[in-house]
$ cat final_5.txt   # compact mmCIF, C-alpha atoms and all ligand atoms
# COMPACT_ATOMS: atom_id res chain seq x y z
CA MET A 1 0.00 0.00 0.00
CA PHE A 2 2.73 2.41 0.95
CA GLU A 3 4.53 2.07 -2.40
CA LYS A 4 2.23 4.72 -3.88
CA ILE A 5 3.02 7.30 -1.23
CA GLU A 6 5.14 10.19 -2.43
CA ARG A 7 7.80 11.93 -0.42
CA VAL A 8 7.06 15.60 0.13
CA PRO A 9 9.40 18.44 1.04
CA GLY A 10 9.38 19.27 4.75
CA ASP A 11 7.91 22.42 6.29
CA ALA A 12 9.75 25.44 4.90
CA ILE A 13 10.20 27.11 8.32
CA LEU A 14 10.97 24.07 10.50
CA GLY A 15 13.24 22.68 7.75
CA LEU A 16 15.56 25.64 8.26
CA ILE A 17 16.40 24.45 11.78
CA GLU A 18 17.90 21.24 10.42
CA ALA A 19 19.64 22.91 7.48
CA TYR A 20 21.23 25.46 9.83
CA ASN A 21 22.34 22.76 12.30
CA GLN A 22 24.06 20.84 9.49
CA ASP A 23 25.98 23.88 8.23
CA ALA A 24 29.64 23.73 9.32
CA ASN A 25 30.38 27.41 8.59
CA PRO A 26 31.35 29.03 11.95
CA GLN A 27 29.94 32.34 10.72
CA LYS A 28 26.47 30.92 10.06
CA VAL A 29 23.50 33.00 11.15
CA ASP A 30 20.02 31.66 11.94
CA LEU A 31 17.26 34.12 11.08
CA GLY A 32 14.70 31.38 10.44
CA VAL A 33 12.18 29.96 12.88
CA GLY A 34 10.42 32.41 15.20
CA VAL A 35 12.11 31.91 18.53
CA TYR A 36 13.63 34.62 20.68
CA ARG A 37 17.42 34.62 20.93
CA ASP A 38 19.55 36.38 23.52
CA PRO A 39 22.76 38.30 22.68
CA ASN A 40 24.60 34.94 22.64
CA GLY A 41 22.19 33.45 20.14
CA HIS A 42 20.54 31.20 22.73
CA THR A 43 16.85 30.74 23.36
CA PRO A 44 16.86 30.93 27.15
CA ILE A 45 14.33 29.61 29.63
CA MET A 46 12.92 32.69 31.35
CA ARG A 47 13.88 33.08 35.00
CA ALA A 48 10.24 33.33 36.05
CA VAL A 49 9.57 30.04 34.22
CA LYS A 50 12.52 28.32 35.93
CA GLN A 51 11.30 29.43 39.34
CA ALA A 52 7.74 28.33 38.65
CA GLU A 53 9.00 24.97 37.40
CA ALA A 54 11.04 24.45 40.56
CA ARG A 55 7.96 25.14 42.65
CA LEU A 56 5.85 22.81 40.52
CA LEU A 57 8.32 19.99 40.90
CA GLU A 58 7.73 20.20 44.64
CA SER A 59 4.01 20.81 44.67
CA GLU A 60 2.65 18.72 41.79
CA GLN A 61 0.71 15.77 43.19
CA THR A 62 -0.61 13.92 40.15
CA LYS A 63 -0.17 13.37 36.45
CA SER A 64 -3.77 12.34 35.97
CA TYR A 65 -5.72 13.82 33.06
CA ILE A 66 -7.02 17.35 33.03
CA GLY A 67 -10.32 17.95 31.21
CA SER A 68 -10.69 18.83 27.55
CA HIS A 69 -10.76 22.55 28.42
CA GLY A 70 -7.52 22.14 30.35
CA ASP A 71 -6.78 23.61 33.75
CA PRO A 72 -9.59 26.05 34.71
CA ARG A 73 -7.01 28.19 36.50
CA TYR A 74 -5.19 28.66 33.20
CA GLY A 75 -8.30 30.09 31.54
CA LYS A 76 -8.88 32.34 34.53
CA ALA A 77 -5.32 33.66 34.33
CA ILE A 78 -5.15 34.09 30.55
CA LEU A 79 -8.50 35.74 29.87
CA PRO A 80 -7.66 39.01 31.71
CA LEU A 81 -4.18 39.02 30.18
CA VAL A 82 -5.68 38.92 26.69
CA LEU A 83 -8.92 40.86 27.16
CA GLY A 84 -7.83 43.22 29.94
CA ALA A 85 -8.64 42.82 33.63
CA GLY A 86 -11.54 45.28 33.43
CA SER A 87 -13.05 43.82 30.27
CA PRO A 88 -16.86 44.12 30.17
CA VAL A 89 -16.88 40.84 28.26
CA LEU A 90 -15.40 39.09 31.28
CA ALA A 91 -17.76 40.85 33.67
CA ALA A 92 -20.68 39.55 31.58
CA ASN A 93 -19.30 35.97 31.55
CA ARG A 94 -19.32 36.01 27.77
CA ALA A 95 -15.78 34.64 27.27
CA SER A 96 -14.28 31.22 27.78
CA ALA A 97 -10.85 29.72 27.19
CA THR A 98 -10.11 26.21 26.02
CA GLN A 99 -6.48 25.31 26.69
CA SER A 100 -4.74 23.88 23.64
CA PRO A 101 -1.40 22.47 22.49
CA GLY A 102 0.07 25.87 21.59
CA GLY A 103 -1.41 28.53 19.35
CA THR A 104 -1.34 26.03 16.48
CA GLY A 105 -3.58 23.67 18.45
CA ALA A 106 -5.94 26.56 19.14
CA LEU A 107 -6.10 27.37 15.44
CA ARG A 108 -6.93 23.77 14.66
CA LEU A 109 -9.68 23.82 17.30
CA ALA A 110 -11.08 26.97 15.69
CA ALA A 111 -10.89 25.41 12.24
CA ASP A 112 -12.68 22.21 13.29
CA PHE A 113 -15.30 24.22 15.16
CA ILE A 114 -15.95 26.31 12.04
CA ARG A 115 -16.18 23.20 9.86
CA THR A 116 -18.57 21.34 12.13
CA GLN A 117 -20.68 24.18 13.55
CA LEU A 118 -20.51 26.91 10.89
CA PRO A 119 -20.45 24.85 7.68
CA GLY A 120 -20.10 26.69 4.39
CA LYS A 121 -18.12 29.59 5.82
CA SER A 122 -14.86 30.56 4.14
CA VAL A 123 -11.90 31.83 6.09
CA TRP A 124 -10.15 34.97 4.79
CA LEU A 125 -6.39 35.10 5.37
CA SER A 126 -4.05 38.04 4.88
CA ASN A 127 -1.69 37.85 1.92
CA PRO A 128 0.94 37.06 3.06
CA THR A 129 0.24 35.11 6.22
CA TRP A 130 1.92 32.46 8.36
CA PRO A 131 2.13 29.53 5.89
CA ASN A 132 0.73 27.09 8.45
CA HIS A 133 -2.56 29.01 8.51
CA ILE A 134 -3.11 27.67 5.01
CA GLY A 135 -2.20 24.11 6.01
CA ILE A 136 -4.45 24.17 9.07
CA PHE A 137 -7.55 25.45 7.30
CA GLU A 138 -6.96 23.29 4.23
CA GLY A 139 -6.57 20.33 6.57
CA ALA A 140 -9.95 21.14 8.11
CA GLU A 141 -11.40 21.43 4.58
CA ILE A 142 -12.47 25.04 5.01
CA PRO A 143 -12.48 27.14 1.84
CA ILE A 144 -9.66 29.71 1.98
CA GLN A 145 -9.83 33.21 0.51
CA ARG A 146 -7.20 35.95 0.70
CA TYR A 147 -7.19 39.68 1.35
CA PRO A 148 -4.21 41.91 0.45
CA TYR A 149 -1.91 43.00 3.26
CA VAL A 150 1.54 43.85 1.84
CA ASP A 151 1.94 45.60 -1.52
CA GLY A 152 4.52 45.09 -4.25
CA ASP A 153 6.74 47.78 -2.70
CA ASN A 154 6.83 45.90 0.61
CA ARG A 155 4.51 48.27 2.48
CA LEU A 156 1.35 47.66 4.46
CA ASP A 157 -1.50 47.79 1.92
CA PHE A 158 -4.21 48.98 4.28
CA ASP A 159 -6.40 50.45 1.53
CA GLY A 160 -6.28 47.17 -0.35
CA MET A 161 -7.03 45.25 2.82
CA LEU A 162 -10.03 47.38 3.73
CA ALA A 163 -11.44 47.34 0.21
CA ALA A 164 -11.22 43.54 0.18
CA LEU A 165 -12.80 43.17 3.63
CA LYS A 166 -15.75 45.25 2.39
CA GLN A 167 -16.39 42.61 -0.30
CA ILE A 168 -16.36 39.57 2.02
CA PRO A 169 -19.69 37.73 2.04
CA HIS A 170 -21.71 38.30 5.20
CA GLY A 171 -20.87 35.89 7.97
CA ASP A 172 -17.54 34.63 6.68
CA VAL A 173 -14.55 34.26 9.00
CA VAL A 174 -11.70 36.77 8.78
CA LEU A 175 -8.38 35.88 10.36
CA LEU A 176 -6.58 38.96 11.71
CA HIS A 177 -3.14 39.06 13.31
CA ALA A 178 -3.51 40.89 16.64
CA CYS A 179 0.03 42.28 16.53
CA CYS A 180 3.50 41.44 15.23
CA HIS A 181 2.14 40.26 11.90
CA ASN A 182 3.77 37.01 10.84
CA PRO A 183 5.56 37.13 8.41
CA SER A 184 5.61 40.83 7.56
CA GLY A 185 6.02 42.70 10.87
CA PHE A 186 3.61 45.37 9.56
CA ASP A 187 0.89 46.12 12.14
CA LEU A 188 -2.30 48.14 12.00
CA ASN A 189 -2.40 51.39 13.97
CA GLN A 190 -5.29 52.17 16.30
CA ASP A 191 -7.22 54.16 13.72
CA GLN A 192 -6.86 51.34 11.20
CA TRP A 193 -8.20 48.86 13.78
CA ARG A 194 -11.25 51.09 14.23
CA GLN A 195 -11.84 51.03 10.49
CA VAL A 196 -11.52 47.24 10.44
CA LEU A 197 -14.03 47.01 13.29
CA ALA A 198 -16.53 49.10 11.31
CA VAL A 199 -16.26 46.79 8.30
CA VAL A 200 -16.48 43.66 10.45
CA GLN A 201 -19.68 45.06 11.99
CA GLU A 202 -21.12 46.10 8.66
CA ARG A 203 -20.40 42.74 6.99
CA GLU A 204 -21.27 40.76 10.14
CA LEU A 205 -18.00 38.88 9.87
CA LEU A 206 -16.67 36.50 12.50
CA PRO A 207 -13.14 37.62 13.43
CA LEU A 208 -10.62 34.99 14.34
CA VAL A 209 -7.76 36.92 15.91
CA ASP A 210 -4.42 35.14 16.01
CA PHE A 211 -2.59 36.51 19.05
CA ALA A 212 0.71 34.62 19.11
CA TYR A 213 3.07 37.47 20.01
CA GLN A 214 1.44 39.46 22.83
CA GLY A 215 4.17 41.55 24.45
CA PHE A 216 6.61 41.41 21.55
CA GLY A 217 5.46 44.55 19.76
CA ASP A 218 4.99 47.52 22.10
CA GLY A 219 3.96 45.82 25.35
CA LEU A 220 1.26 43.49 26.67
CA ASP A 221 -1.58 46.04 26.68
CA VAL A 222 -0.68 48.07 23.59
CA ASP A 223 -0.37 44.85 21.58
CA ALA A 224 -3.88 43.86 22.71
CA PHE A 225 -5.51 47.06 21.42
CA GLY A 226 -7.09 45.53 18.31
CA ALA A 227 -8.21 42.30 19.97
CA ARG A 228 -9.79 44.22 22.87
CA LEU A 229 -11.43 46.76 20.58
CA LEU A 230 -13.15 43.98 18.66
CA ALA A 231 -14.02 42.04 21.81
CA GLU A 232 -15.68 45.05 23.41
CA ASN A 233 -17.67 46.00 20.34
CA LEU A 234 -18.73 42.71 18.82
CA ASP A 235 -21.10 40.01 19.99
CA GLU A 236 -19.02 37.11 18.77
CA MET A 237 -15.39 36.40 18.02
CA LEU A 238 -12.62 33.84 18.38
CA ILE A 239 -9.08 34.51 19.61
CA THR A 240 -6.15 32.12 19.56
CA SER A 241 -3.61 32.93 22.24
CA SER A 242 -0.15 31.46 22.62
CA CYS A 243 2.37 31.35 25.47
CA SER A 244 5.08 29.97 23.18
CA LYS A 245 6.81 33.29 22.67
CA ASN A 246 5.88 35.56 25.57
CA PHE A 247 6.56 32.88 28.20
CA GLY A 248 9.22 31.19 26.05
CA LEU A 249 7.35 27.89 26.41
CA TYR A 250 7.64 26.86 22.77
CA ARG A 251 8.03 23.09 23.16
CA GLU A 252 5.62 22.87 26.08
CA ARG A 253 2.78 23.64 23.65
CA THR A 254 0.76 26.09 25.69
CA GLY A 255 -2.05 28.17 24.31
CA CYS A 256 -5.81 28.47 24.18
CA LEU A 257 -8.81 29.22 22.03
CA ILE A 258 -10.92 32.03 23.45
CA VAL A 259 -14.58 32.17 22.49
CA ILE A 260 -16.69 35.29 22.96
CA ALA A 261 -20.43 34.85 22.52
CA ARG A 262 -23.43 37.16 22.66
CA THR A 263 -24.65 35.82 26.01
CA ALA A 264 -23.22 33.73 28.83
CA GLU A 265 -25.58 30.93 27.86
CA GLN A 266 -24.51 30.93 24.20
CA MET A 267 -20.90 30.96 25.35
CA GLU A 268 -21.56 27.78 27.38
CA ASN A 269 -23.13 26.17 24.32
CA VAL A 270 -20.14 26.96 22.13
CA ARG A 271 -17.80 25.94 24.93
CA SER A 272 -19.46 22.52 25.09
CA GLN A 273 -18.73 22.07 21.37
CA MET A 274 -15.08 23.04 21.90
CA ALA A 275 -14.70 20.21 24.41
CA ILE A 276 -15.89 17.75 21.76
CA VAL A 277 -13.52 19.17 19.14
CA ALA A 278 -10.62 18.95 21.59
CA ARG A 279 -11.55 15.42 22.64
CA GLU A 280 -11.64 14.23 19.04
CA ASN A 281 -8.30 15.88 18.23
CA TYR A 282 -6.07 15.08 21.20
CA SER A 283 -8.48 14.44 24.08
CA THR A 284 -6.91 16.69 26.69
CA PRO A 285 -4.12 19.24 26.38
CA PRO A 286 -0.62 18.92 27.82
CA SER A 287 -0.48 20.35 31.32
CA HIS A 288 3.06 21.38 32.19
CA GLY A 289 3.33 24.70 30.33
CA ALA A 290 -0.09 25.89 31.47
CA ALA A 291 0.77 24.99 35.08
CA ILE A 292 3.87 27.18 34.80
CA VAL A 293 1.84 30.09 33.42
CA VAL A 294 -0.71 29.73 36.22
CA ASP A 295 2.03 29.69 38.83
CA ILE A 296 3.57 32.86 37.40
CA LEU A 297 0.35 34.79 36.92
CA GLU A 298 -0.97 33.86 40.36
CA SER A 299 2.20 35.20 42.01
CA GLU A 300 2.69 38.94 42.07
CA GLU A 301 6.44 38.51 42.44
CA LEU A 302 6.80 36.09 39.51
CA THR A 303 4.48 38.19 37.37
CA GLN A 304 6.72 41.21 37.90
CA LEU A 305 9.81 39.18 37.04
CA TRP A 306 8.15 37.72 33.95
CA LYS A 307 6.98 41.13 32.74
CA SER A 308 10.44 42.64 33.17
CA GLU A 309 12.00 39.77 31.22
CA LEU A 310 9.42 40.12 28.46
CA THR A 311 10.02 43.87 28.24
CA GLU A 312 13.74 43.21 27.99
CA MET A 313 13.20 40.80 25.07
CA CYS A 314 10.86 43.21 23.30
CA ASP A 315 13.22 46.16 23.77
CA ARG A 316 16.14 44.13 22.52
CA ILE A 317 14.33 43.21 19.32
CA ASN A 318 13.32 46.80 18.66
CA THR A 319 16.92 47.93 19.23
CA LEU A 320 18.18 45.26 16.83
CA ARG A 321 15.80 46.58 14.18
CA ARG A 322 17.45 50.00 14.37
CA ASP A 323 20.92 48.41 14.59
CA LEU A 324 20.39 46.55 11.31
CA VAL A 325 19.39 49.75 9.55
CA ASP A 326 22.47 51.50 11.01
CA SER A 327 24.72 48.64 9.92
CA LEU A 328 23.46 49.08 6.36
CA LYS A 329 24.31 52.79 6.30
CA PRO A 330 27.93 52.36 5.13
CA TYR A 331 26.53 50.56 2.07
CA GLY A 332 24.01 53.32 1.30
CA LEU A 333 21.18 50.90 2.06
CA ASP A 334 19.72 52.45 5.22
CA GLN A 335 16.83 54.15 3.39
CA ARG A 336 16.01 51.04 1.43
CA PHE A 337 15.73 49.03 4.66
CA ALA A 338 14.28 51.80 6.87
CA HIS A 339 11.02 49.81 7.15
CA VAL A 340 12.79 47.21 9.31
CA ALA A 341 12.92 49.73 12.17
CA GLU A 342 9.21 50.49 11.78
CA GLN A 343 7.98 46.91 11.76
CA ARG A 344 7.06 45.15 14.99
CA GLY A 345 7.49 41.73 16.57
CA MET A 346 9.94 39.01 15.86
CA PHE A 347 9.81 39.21 12.10
CA SER A 348 10.74 41.53 9.32
CA TYR A 349 9.65 41.20 5.76
CA THR A 350 13.00 42.48 4.55
CA GLY A 351 12.02 42.90 0.92
CA LEU A 352 14.79 40.51 -0.14
CA SER A 353 13.73 38.27 -3.03
CA THR A 354 13.73 34.49 -2.96
CA ALA A 355 16.84 34.52 -5.17
CA GLN A 356 18.63 36.90 -2.78
CA VAL A 357 17.63 34.78 0.22
CA LYS A 358 19.08 31.76 -1.57
CA ARG A 359 22.34 33.57 -2.20
CA LEU A 360 22.55 34.60 1.46
CA ARG A 361 22.18 30.97 2.41
CA ASP A 362 24.44 29.44 -0.25
CA GLU A 363 27.24 32.02 -0.14
CA PHE A 364 27.10 33.32 3.45
CA SER A 365 25.31 30.62 5.52
CA ILE A 366 22.65 33.14 6.53
CA TYR A 367 19.31 31.36 6.92
CA MET A 368 15.94 33.03 6.53
CA VAL A 369 12.57 32.05 5.09
CA GLY A 370 12.38 32.15 1.27
CA SER A 371 9.77 34.91 1.35
CA GLY A 372 12.46 37.27 2.71
CA ARG A 373 11.23 36.98 6.31
CA ALA A 374 14.00 37.40 8.86
CA ASN A 375 13.76 36.65 12.56
CA VAL A 376 15.14 39.92 13.94
CA ALA A 377 15.97 38.24 17.26
CA GLY A 378 18.64 36.25 15.41
CA PHE A 379 20.83 39.34 15.01
CA THR A 380 23.64 39.95 17.48
CA SER A 381 26.17 42.77 17.74
CA GLU A 382 28.74 40.21 16.50
CA ASN A 383 26.87 39.01 13.43
CA LEU A 384 25.27 42.31 12.31
CA PRO A 385 28.32 43.64 10.40
CA TYR A 386 28.61 40.26 8.64
CA VAL A 387 24.90 40.18 7.80
CA ALA A 388 24.93 43.79 6.56
CA LYS A 389 27.91 43.07 4.31
CA ALA A 390 26.22 39.96 2.95
CA ILE A 391 22.96 41.83 2.26
CA ALA A 392 24.93 44.53 0.44
CA ALA A 393 26.57 41.84 -1.66
CA VAL A 394 23.31 40.25 -2.80
CA VAL A 395 21.08 43.29 -3.42
CA ASP A 396 21.16 44.98 -6.81
C1 LIG B 1 7.35 30.88 12.95
O1 LIG B 1 6.55 31.38 12.16
O2 LIG B 1 8.56 30.78 12.73
C2 LIG B 1 6.85 30.38 14.27
O3 LIG B 1 5.50 30.67 14.41
C3 LIG B 1 7.16 28.95 14.48
C4 LIG B 1 6.38 28.04 13.60
O4 LIG B 1 5.82 27.09 14.14
O5 LIG B 1 6.33 28.24 12.40

$ encode --input "final_5.txt" --output "structure tokens" --more "lines below"
Ligand code: LMR
Amino acid sequence: MFEKIERVPGDAILGLIEAYNQDANPQKVDLGVGVYRDPNGHTPIMRAVKQAEARLLESEQTKSYIGSHGDPRYGKAILPLVLGAGSPVLAANRASATQSPGGTGALRLAADFIRTQLPGKSVWLSNPTWPNHIGIFEGAEIPIQRYPYVDGDNRLDFDGMLAALKQIPHGDVVLLHACCHNPSGFDLNQDQWRQVLAVVQERELLPLVDFAYQGFGDGLDVDAFGARLLAENLDEMLITSSCSKNFGLYRERTGCLIVIARTAEQMENVRSQMAIVARENYSTPPSHGAAIVVDILESEELTQLWKSELTEMCDRINTLRRDLVDSLKPYGLDQRFAHVAEQRGMFSYTGLSTAQVKRLRDEFSIYMVGSGRANVAGFTSENLPYVAKAIAAVVD
């Protein structure tokens, strides 16, 4: 039976990890997968996480299953972080969180919920978007449509985006990146979010907000502006939240799907469906990462430590953005790459072509995604001059 099965190329982003590891060049630079790196190029475990883990090791009493919604304390801790502690949606009991294996697991929950409970709806994805969005929704057999997001000159195409949103059939699902757009790094400003809200209301769209990078743009609350604006002005929406980046819990697969419904009762109805979707996918979510998050967010001291570490990471990335532009000055390329300093989050759509990205990899052992997406956190003061020189060598 298996003789008919074809080999396929691996995932373009995850494949870079292996290619980079196999490269013997001591000057190699990894600007691929979206993980934070410190000035030594390491992806550290946050101190708050280490301390919470040490406490858990002592206090954990069982490894028995948790329910399909995960640890209720996790939902309680995450909802105010995402929606704001004073959110009227929380006060009205209109929101619920279903813990999931990372943000990806939450997206899959959303996709399966849409397929089973909202059949016939298409999902509208930004162009470009995180490539796995396409895989996840295709896998759930949901029709995919696209709206413009970045134009041919590598700028945010807000006019194009808005015009396209205005044409979406009533009731379809629109996936919006809350902040730190992956892959482009171009975010909406507050006025643009208000305009998106107006169109979503007018077209009665269901927003699915992917919130994977809270705290990596301009801070935990500023980054939540769009998600909270929609939550406070719409009856219904879905949010996928991830602790992979902001708690550095990548491999612990910690995230959740947040459902907001018109009434508390409707929320409970939807929530009951989420438990079925989770059960049929993976039964119950992994516990360890969520237990760490709960321990941190329930402790004032650990919360302070975690927030200061997160701010440090965010500030470092924003400094590196400016440093790259400065490093390109001697080559007369600072204006051409000025957008890198304006973008937000881990990624920059550099504007480098696929052919230029290939040359960077083949000739300089600099690894980034073929679309020209660079993980800004991969820069260090040591490798920036090398990277700038290499970029200057491959651009026209
Ligand atoms: C990325 O885009 O690099 C991250 O979200 C990691 C992943 O799973 O692709």

$ residues_around --input "final_5.txt" --residues "Ala275 of chain A" --least-positions-apart "4" --cutoff "8 Å" --atoms "only C-alpha atoms" --output "list in words"
Ser68, His69, Thr98, Arg271 and Arg279 of chain A

$ residues_near_ligand --input "final_5.txt" --ligand "ligand LIG 1 (chain B)" --cutoff "9 Å" --atoms "all atoms listed in the file" --output "list in words"
Asp11, Ala12, Ile13, Leu14, Gly32, Val33, Gly34, Val35, Gly103, Thr104, Trp130, Pro131, Asn132, Asn182, Pro183, Ala212, Ser244, Lys245, Tyr250, Met346, Phe347, Val369 and Asn375 of chain A

$ residues_near_point --input "final_5.txt" --point "(-8.8, 42.7, 27.9)" --cutoff "10 Å" --atoms "all atoms listed in the file" --output "list of chain:residue names"
A:Ile78, A:Leu79, A:Pro80, A:Leu81, A:Val82, A:Leu83, A:Gly84, A:Ala85, A:Gly86, A:Ser87, A:Pro88, A:Val89, A:Leu90, A:Asp221, A:Ala224, A:Phe225, A:Ala227, A:Arg228, A:Leu229, A:Ala231, A:Glu232

$ closest_residue --input "final_5.txt" --among "A:Ser96, A:Ile317, A:Ala198, A:Phe186" --to "Leu238 of chain A" --atoms "only C-alpha atoms"
A:Ser96

$ closest_residue --input "final_5.txt" --among "A:Arg253, A:His170, A:Arg373, A:Lys307" --to "Gly351 of chain A" --atoms "all atoms listed in the file"
A:Arg373

$ residues_around --input "final_5.txt" --residues "segment 326-337 of chain A" --least-positions-apart "3" --cutoff "6 Å" --atoms "all atoms listed in the file" --output "PyMOL selection string"
chain A and resi 323+340+388

$ axis_aligned_box --input "final_5.txt" --around "segment 131-148 of chain A" --padding-each-side "4 Å" --output "lines of an AutoDock Vina configuration file"
center_x = -5.2
center_y = 31.1
center_z = 4.8
size_x = 22.6
size_y = 29.6
size_z = 16.6

$ atom_distance --input "final_5.txt" --atom1 "atom CA of Glu309 of chain A" --atom2 "atom CA of Ala48 of chain A"
8.2 Å

$ closest_atom_pairs --input "final_5.txt" --of "segment 276-299 of chain A" --to "segment 49-57 of chain A" --cutoff "7 Å" --atoms "all atoms listed in the file" --output "JSON lines"
{"residue": "A:Ile292", "atom": "CA", "partner": "A:Ala52", "partner_atom": "CA", "distance": 5.6}
{"residue": "A:Asp295", "atom": "CA", "partner": "A:Ala52", "partner_atom": "CA", "distance": 5.9}
{"residue": "A:Ile296", "atom": "CA", "partner": "A:Ala52", "partner_atom": "CA", "distance": 6.3}

$ residues_around --input "final_5.txt" --residues "Ser283 of chain A" --least-positions-apart "2" --cutoff "12 Å" --atoms "all atoms listed in the file" --output "MDAnalysis selection string"
chainID A and resid 65:70 99:101 105 109 274:281 285:286

$ residues_around --input "final_5.txt" --residues "segment 40-47 of chain A" --least-positions-apart "3" --cutoff "8 Å" --atoms "only C-alpha atoms" --output "list in words"
Val35, Tyr36, Arg37, Lys50, Gln51, Phe247, Gly248, Leu249, Leu305, Trp306, Glu309, Gly378, Phe379 and Thr380 of chain A

$ atom_distance --input "final_5.txt" --atom1 "atom CA of Val196 of chain A" --atom2 "atom CA of Leu162 of chain A"
6.9 Å
